$ cat my_file-v9.cif   # mmCIF, C-alpha atoms
data_target
#
loop_
_atom_site.label_atom_id
_atom_site.label_comp_id
_atom_site.auth_asym_id
_atom_site.auth_seq_id
_atom_site.Cartn_x
_atom_site.Cartn_y
_atom_site.Cartn_z
CA MET A 1454 42.85 53.86 47.84
CA ASP A 1455 44.60 54.98 51.04
CA LEU A 1456 47.88 56.92 51.03
CA GLU A 1457 50.01 53.89 51.94
CA GLN A 1458 48.66 51.83 49.08
CA LEU A 1459 49.10 54.76 46.70
CA ALA A 1460 52.74 55.11 47.80
CA LEU A 1461 53.38 51.38 47.35
CA GLN A 1462 51.64 51.40 43.97
CA THR A 1463 53.79 54.33 42.86
CA ALA A 1464 56.93 52.57 44.10
CA GLN A 1465 55.93 49.52 42.07
CA HIS A 1466 55.55 51.70 38.99
CA ILE A 1467 58.99 53.30 39.16
CA PHE A 1468 60.99 50.34 40.54
CA PRO A 1469 58.96 47.12 40.10
CA CYS A 1470 59.16 44.35 42.66
CA GLU A 1471 58.79 40.84 41.20
CA ASN A 1472 55.18 39.66 41.45
CA GLU A 1473 56.08 36.51 43.41
CA PHE A 1474 57.67 38.65 46.14
CA LEU A 1475 55.30 41.62 45.99
CA ASN A 1476 53.32 40.72 49.09
CA LYS A 1477 56.00 38.61 50.79
CA ILE A 1478 58.25 41.26 52.30
CA PRO A 1479 59.74 39.63 55.47
CA LEU A 1480 58.90 42.57 57.72
CA ASP A 1481 59.08 40.55 60.95
CA GLU A 1482 62.57 39.33 60.02
CA ILE A 1483 63.68 42.87 59.14
CA ILE A 1484 62.35 44.24 62.45
CA SER A 1485 64.10 41.46 64.36
CA THR A 1486 67.40 42.11 62.54
CA PHE A 1487 67.44 45.81 63.45
CA GLN A 1488 65.72 45.52 66.83
CA LYS A 1489 68.67 46.91 68.83
CA ASP A 1490 68.41 50.23 66.93
CA LEU A 1491 64.64 50.60 67.38
CA ILE A 1492 64.65 52.77 70.51
CA PRO A 1493 61.51 54.90 71.03
CA SER A 1494 61.97 58.63 71.62
CA GLU A 1495 59.66 61.04 73.42
CA LYS A 1496 60.49 63.73 70.85
CA PRO A 1497 61.32 61.81 67.68
CA PHE A 1498 63.21 63.36 64.77
CA LEU A 1499 63.50 62.50 61.09
CA ILE A 1500 66.56 63.82 59.26
CA ARG A 1501 66.39 63.08 55.56
CA VAL A 1502 69.16 63.50 52.99
CA ALA A 1503 68.14 63.82 49.33
CA GLY A 1504 69.95 64.23 46.03
CA GLN A 1505 70.61 62.14 42.93
CA SER A 1506 73.10 59.26 42.97
CA GLY A 1507 76.64 60.64 43.18
CA SER A 1508 75.58 63.95 44.76
CA GLY A 1509 77.32 63.35 48.09
CA LYS A 1510 74.47 62.01 50.23
CA SER A 1511 76.28 58.97 51.57
CA SER A 1512 79.83 60.32 51.35
CA GLN A 1513 79.31 63.83 52.75
CA PHE A 1514 76.03 64.53 54.48
CA VAL A 1515 75.20 61.26 56.21
CA PRO A 1516 78.71 60.93 57.75
CA ALA A 1517 78.45 64.53 59.00
CA LEU A 1518 75.07 63.82 60.59
CA GLN A 1519 76.29 60.56 62.12
CA GLU A 1520 79.24 62.33 63.70
CA ILE A 1521 76.94 64.93 65.25
CA LEU A 1522 74.34 62.40 66.43
CA LYS A 1523 76.77 59.80 67.76
CA ASP A 1524 75.45 60.26 71.32
CA LYS A 1525 71.77 59.98 70.32
CA PRO A 1526 69.82 56.80 69.54
CA TYR A 1527 68.64 56.53 65.93
CA ILE A 1528 68.45 54.14 63.01
CA LYS A 1529 69.89 54.92 59.59
CA ILE A 1530 67.59 53.83 56.79
CA ASN A 1531 68.52 53.51 53.13
CA VAL A 1532 67.34 51.28 50.30
CA GLY A 1533 70.53 49.22 50.28
CA LYS A 1534 69.84 48.11 53.85
CA PHE A 1535 66.99 45.92 52.62
CA ALA A 1536 68.57 44.33 49.54
CA PRO A 1537 70.01 41.37 51.57
CA PHE A 1538 66.47 40.29 52.44
CA HIS A 1539 65.70 39.59 48.76
CA PRO A 1540 65.39 35.80 48.24
CA ASN A 1541 67.88 35.94 45.35
CA PHE A 1542 70.38 38.25 47.04
CA LYS A 1543 73.11 35.66 47.72
CA LYS A 1544 72.79 34.22 44.22
CA TRP A 1545 73.10 37.62 42.54
CA GLN A 1546 75.88 38.66 44.91
CA LYS A 1547 77.89 35.69 43.70
CA GLU A 1548 76.95 35.70 40.00
CA ASN A 1549 76.31 39.36 39.17
CA PRO A 1550 77.40 41.61 42.05
CA ASP A 1551 77.72 44.80 39.98
CA GLN A 1552 74.03 44.54 38.98
CA MET A 1553 72.77 43.54 42.42
CA ARG A 1554 71.63 47.02 43.53
CA GLU A 1555 69.58 47.56 40.37
CA ASN A 1556 68.13 44.02 40.53
CA THR A 1557 66.93 44.43 44.12
CA ASN A 1558 65.77 48.08 44.03
CA GLY A 1559 62.06 47.33 43.66
CA PHE A 1560 61.95 44.77 46.47
CA ALA A 1561 64.14 46.92 48.73
CA LEU A 1562 62.11 50.09 48.18
CA ARG A 1563 58.89 48.29 49.11
CA ALA A 1564 60.57 46.84 52.21
CA LEU A 1565 61.89 50.29 53.13
CA ILE A 1566 58.43 51.88 53.00
CA LEU A 1567 56.93 49.19 55.24
CA PHE A 1568 59.83 49.24 57.72
CA TYR A 1569 59.83 53.05 57.78
CA LYS A 1570 56.15 52.95 58.77
CA TYR A 1571 56.96 50.58 61.64
CA CYS A 1572 59.77 52.86 62.87
CA VAL A 1573 57.65 56.00 62.68
CA GLU A 1574 54.68 54.46 64.45
CA ASN A 1575 57.07 53.44 67.23
CA HIS A 1576 58.65 56.92 67.43
CA VAL A 1577 62.19 55.83 66.52
CA ASN A 1578 64.69 58.58 65.57
CA ILE A 1579 65.70 58.25 61.91
CA ILE A 1580 68.45 59.34 59.55
CA PHE A 1581 66.85 58.71 56.18
CA ASP A 1582 69.36 58.39 53.33
CA MET A 1583 67.05 58.35 50.30
CA THR A 1584 66.49 60.93 47.63
CA LEU A 1585 63.09 62.29 46.67
CA LEU A 1586 61.23 59.97 44.30
CA GLU A 1587 57.59 60.86 43.58
CA PRO A 1588 55.11 63.20 45.31
CA GLU A 1589 52.82 60.25 46.16
CA ILE A 1590 55.65 58.52 48.01
CA ASP A 1591 57.28 61.52 49.64
CA LEU A 1592 54.07 63.17 50.82
CA TYR A 1593 53.01 59.86 52.39
CA LEU A 1594 56.36 59.41 54.18
CA MET A 1595 56.37 62.97 55.50
CA ARG A 1596 52.69 62.94 56.46
CA LEU A 1597 53.19 59.73 58.43
CA ALA A 1598 56.06 61.34 60.33
CA LYS A 1599 54.15 64.53 61.14
CA GLU A 1600 51.08 62.56 62.27
CA ASN A 1601 53.36 60.77 64.75
CA GLY A 1602 54.85 63.94 66.22
CA TYR A 1603 58.18 64.07 64.38
CA LYS A 1604 60.37 67.09 63.94
CA ILE A 1605 61.85 67.04 60.42
CA GLN A 1606 64.96 68.19 58.61
CA LEU A 1607 65.35 67.73 54.86
CA HIS A 1608 68.85 68.23 53.44
CA VAL A 1609 68.96 68.48 49.63
CA SER A 1610 72.23 68.25 47.68
CA CYS A 1611 71.88 70.46 44.59
CA VAL A 1612 74.49 69.60 41.95
CA PRO A 1613 74.64 69.50 38.13
CA LYS A 1614 74.25 66.05 36.61
CA LYS A 1615 77.79 66.24 35.22
CA VAL A 1616 79.09 66.33 38.78
CA SER A 1617 77.03 63.41 40.05
CA ASP A 1618 77.82 61.32 36.94
CA HIS A 1619 81.54 61.91 37.55
CA PHE A 1620 81.28 60.57 41.11
CA ILE A 1621 79.06 57.65 40.02
CA ARG A 1622 81.81 56.55 37.59
CA LYS A 1623 84.49 57.04 40.23
CA ARG A 1624 82.51 55.02 42.79
CA GLN A 1625 81.88 52.24 40.28
CA ILE A 1626 85.62 51.89 39.66
CA GLN A 1627 86.34 51.80 43.39
CA THR A 1628 83.47 49.63 44.63
CA GLY A 1629 81.80 48.02 41.61
CA ARG A 1630 78.46 49.60 42.53
CA TYR A 1631 76.54 50.17 39.30
CA VAL A 1632 73.80 52.74 38.64
CA LYS A 1633 71.96 52.64 35.33
CA PRO A 1634 72.09 55.94 33.37
CA SER A 1635 68.28 55.85 33.27
CA SER A 1636 68.13 55.61 37.08
CA SER A 1637 70.64 58.42 37.49
CA LEU A 1638 68.60 60.67 35.19
CA TYR A 1639 65.36 59.76 36.98
CA PHE A 1640 66.77 60.69 40.41
CA PHE A 1641 68.06 63.99 39.01
CA LYS A 1642 64.73 64.96 37.45
CA ALA A 1643 62.63 63.80 40.41
CA LEU A 1644 63.98 66.38 42.85
CA ALA A 1645 62.15 69.46 41.54
CA PRO A 1646 58.56 68.11 41.32
CA CYS A 1647 58.85 66.40 44.71
CA LEU A 1648 60.33 69.48 46.35
CA LYS A 1649 57.53 71.55 44.84
CA ALA A 1650 54.92 69.17 46.29
CA LEU A 1651 56.52 69.32 49.74
CA THR A 1652 56.85 73.12 49.77
CA HIS A 1653 53.22 73.57 48.67
CA CYS A 1654 51.58 71.26 51.20
CA ASP A 1655 50.40 72.07 54.72
CA LEU A 1656 52.24 69.34 56.61
CA PHE A 1657 55.12 71.24 58.16
CA ASP A 1658 55.53 73.76 60.96
CA LYS A 1659 58.17 76.31 61.96
CA LYS A 1660 60.40 73.85 63.79
CA ASP A 1661 60.89 71.79 60.61
CA ALA A 1662 63.90 72.73 58.46
CA LEU A 1663 64.62 72.59 54.73
CA ILE A 1664 68.33 72.95 53.94
CA LEU A 1665 69.82 73.19 50.44
CA TRP A 1666 73.51 72.41 49.89
CA SER A 1667 76.12 72.66 47.17
CA HIS A 1668 78.82 69.99 47.26
CA LEU A 1669 81.49 72.71 47.01
CA LYS A 1670 80.27 75.11 49.69
CA THR A 1671 81.03 75.02 53.41
CA ASN A 1672 77.67 76.47 54.48
CA PRO A 1673 74.24 75.73 53.00
CA ILE A 1674 72.87 77.57 49.99
CA LYS A 1675 69.69 78.08 52.00
CA ASN A 1676 68.51 77.19 55.51
CA THR A 1677 64.79 77.86 55.66
CA HIS A 1678 61.31 76.48 56.32
CA PHE A 1679 59.28 74.25 54.01
CA ASN A 1680 56.87 76.86 52.68
CA ASN A 1681 59.61 78.98 51.09
CA GLY A 1682 59.02 78.83 47.34
CA SER A 1683 62.43 80.32 46.53
CA VAL A 1684 64.09 76.95 47.12
CA LEU A 1685 62.78 75.73 43.75
CA ARG A 1686 64.59 78.54 41.94
CA LEU A 1687 67.76 77.83 43.91
CA LEU A 1688 67.55 74.11 43.13
CA SER A 1689 67.22 74.91 39.42
CA THR A 1690 70.14 77.35 39.56
CA TYR A 1691 72.53 74.92 41.23
CA GLN A 1692 71.42 71.93 39.15
CA ALA A 1693 72.00 73.87 35.92
CA GLN A 1694 74.88 72.69 33.77
CA LYS A 1695 77.68 75.24 33.84
CA LYS A 1696 79.39 75.76 30.48
CA HIS A 1697 82.94 75.35 31.81
CA LEU A 1698 82.28 73.26 34.90
CA THR A 1699 85.32 71.73 36.58
CA VAL A 1700 84.54 68.78 38.84
CA LYS A 1701 86.44 68.96 42.10
CA ASN A 1702 86.69 66.51 44.96
CA PRO A 1703 84.63 67.96 47.86
CA ASN A 1704 85.85 65.60 50.59
CA HIS A 1705 87.99 68.25 52.25
CA LEU A 1706 84.79 70.16 53.10
CA LEU A 1707 83.39 67.40 55.31
CA LYS A 1708 84.82 68.82 58.54
CA SER A 1709 83.40 72.26 57.71
CA LYS A 1710 79.96 70.78 57.06
CA ILE A 1711 80.17 68.95 60.39
CA LYS A 1712 80.92 72.23 62.16
CA TRP A 1713 77.95 74.02 60.55
CA MET A 1714 75.57 71.15 61.26
CA LYS A 1715 76.78 70.87 64.85
CA ASP A 1716 76.10 74.56 65.49
CA PHE A 1717 72.69 74.30 63.80
CA MET A 1718 71.66 71.14 65.67
CA TRP A 1719 72.53 72.72 69.01
CA GLY A 1720 69.61 75.10 68.65
CA TRP A 1721 67.31 72.86 66.62
CA PHE A 1722 67.02 70.12 69.23
CA ASP A 1723 66.16 72.69 71.90
CA VAL A 1724 63.16 74.10 70.02
#
$ encode --input "my_file-v9.cif" --output "structure tokens"
Amino acid sequence: MDLEQLALQTAQHIFPCENEFLNKIPLDEIISTFQKDLIPSEKPFLIRVAGQSGSGKSSQFVPALQEILKDKPYIKINVGKFAPFHPNFKKWQKENPDQMRENTNGFALRALILFYKYCVENHVNIIFDMTLLEPEIDLYLMRLAKENGYKIQLHVSCVPKKVSDHFIRKRQIQTGRYVKPSSSLYFFKALAPCLKALTHCDLFDKKDALILWSHLKTNPIKNTHFNNGSVLRLLSTYQAQKKHLTVKNPNHLLKSKIKWMKDFMWGWFDV
């Protein structure tokens, strides 16, 4: 079995796609829909943001990156981008909108993997808003990027589950977006083994960056390279449940994060 099939098989195991749609992902339609964002780059980059649901990926880190990269061509990829291509999307959107994300996850994840491959093989710059899932998936995605000459950043949001659960509940009240407790727990537990696999492989070089964040700190916990084993200890430390943890709203730190990222990117793109 090749690495792509192993990744797709693993995706099917964790978030099953219905059998009748398993091999009917409308990749040509997806490519056509996003064609205007598929601009090849001579020196392509992949900037990935990881962390469990409610950890600040989409509310903190992706907006900061988009602000910094507003003058560069790129496509933003996340699982939700592919849910509308599910044949039952409009039906579920009307009848059961709060369950729609969970109902389409398997289909959308499979579509994401196939579309990601197309983007990488065509050297398109990518902001990748998806947490770490399984070593078989994440090693395949990163290997594909490195084989196609990409420079990589991985930003990991390291927060206790109490914090992310608080923001999941808050988001559900505001938007209706539902995340099953089992999914939330899975995303939380998946970070460490996947990060271990990535830091113990031989895919990366010195120009690639691994950056760990706390949702309540202006600067990163750690800005390092991929073969630094200490990041696993730091992840464990910052994910640990504090006895008297007070959940605070981190939105006021967004501008500070933008400033740090802007200064960092200035040198990173020149390497």
$ residues_around --input "my_file-v9.cif" --residues "stretch 1463-1474 of chain A" --least-positions-apart "4" --cutoff "9 Å" --atoms "all atoms listed in the file" --output "PyMOL selection string"
chain A and resi 1458-1459+1478+1539-1540+1557-1563+1586-1587+1589-1590
$ residues_around --input "my_file-v9.cif" --residues "stretch 1604-1615 of chain A" --least-positions-apart "3" --cutoff "8 Å" --atoms "all atoms listed in the file" --output "ChimeraX atom specification"
/A:1496-1505,1508-1510,1599,1618-1619,1638,1641,1660-1668,1688,1691-1695
$ resolve_selection --input "my_file-v9.cif" --expression "the PyMOL selection byres ((chain A and resi 1596) around 12)" --output "list in words"
Leu1456, Glu1457, Ala1460, Leu1499, Lys1570, Val1573, Glu1574, Pro1588, Glu1589, Ile1590, Asp1591, Leu1592, Tyr1593, Leu1594, Met1595, Leu1597, Ala1598, Lys1599, Glu1600, Asn1601, Gly1602, Tyr1603, Lys1604, Ile1605, Leu1651, Cys1654, Asp1655, Leu1656 and Phe1657 of chain A
$ resolve_selection --input "my_file-v9.cif" --expression "the PyMOL selection byres ((chain A and resi 1491) around 12)" --output "number ranges by chain"
A: 1483-1490, 1492-1494, 1497, 1526-1530, 1568-1569, 1571-1579
$ atom_distance --input "my_file-v9.cif" --atom1 "atom CA of A:Asp1716" --atom2 "atom CA of A:Leu1522"
12.3 Å
$ atom_distance --input "my_file-v9.cif" --atom1 "atom CA of A:Ala1645" --atom2 "atom CA of A:Val1684"
9.5 Å
$ atom_distance --input "my_file-v9.cif" --atom1 "atom CA of A:Leu1480" --atom2 "atom CA of A:Gly1533"
15.3 Å
$ closest_residue --input "my_file-v9.cif" --among "A:Asp1524, A:Leu1585, A:Ser1709, A:Gln1513" --to "A:Asn1672" --atoms "all atoms listed in the file"
A:Ser1709
$ axis_aligned_box --input "my_file-v9.cif" --around "stretch 1652-1668 of chain A" --padding-each-side "6 Å" --output "lines of an AutoDock Vina configuration file"
center_x = 64.6
center_y = 72.8
center_z = 55.5
size_x = 40.4
size_y = 19.0
size_z = 28.6
$ residues_near_point --input "my_file-v9.cif" --point "(80.5, 76.8, 53.0)" --cutoff "12 Å" --atoms "all atoms listed in the file" --output "count of residues only"
22
$ closest_residue --input "my_file-v9.cif" --among "A:Phe1581, A:Lys1525, A:Thr1690, A:Ala1536" --to "A:Pro1479" --atoms "all atoms listed in the file"
A:Ala1536
$ closest_residue --input "my_file-v9.cif" --among "A:Phe1640, A:Asn1541, A:Pro1646, A:Gln1519" --to "A:Thr1584" --atoms "all atoms listed in the file"
A:Phe1640
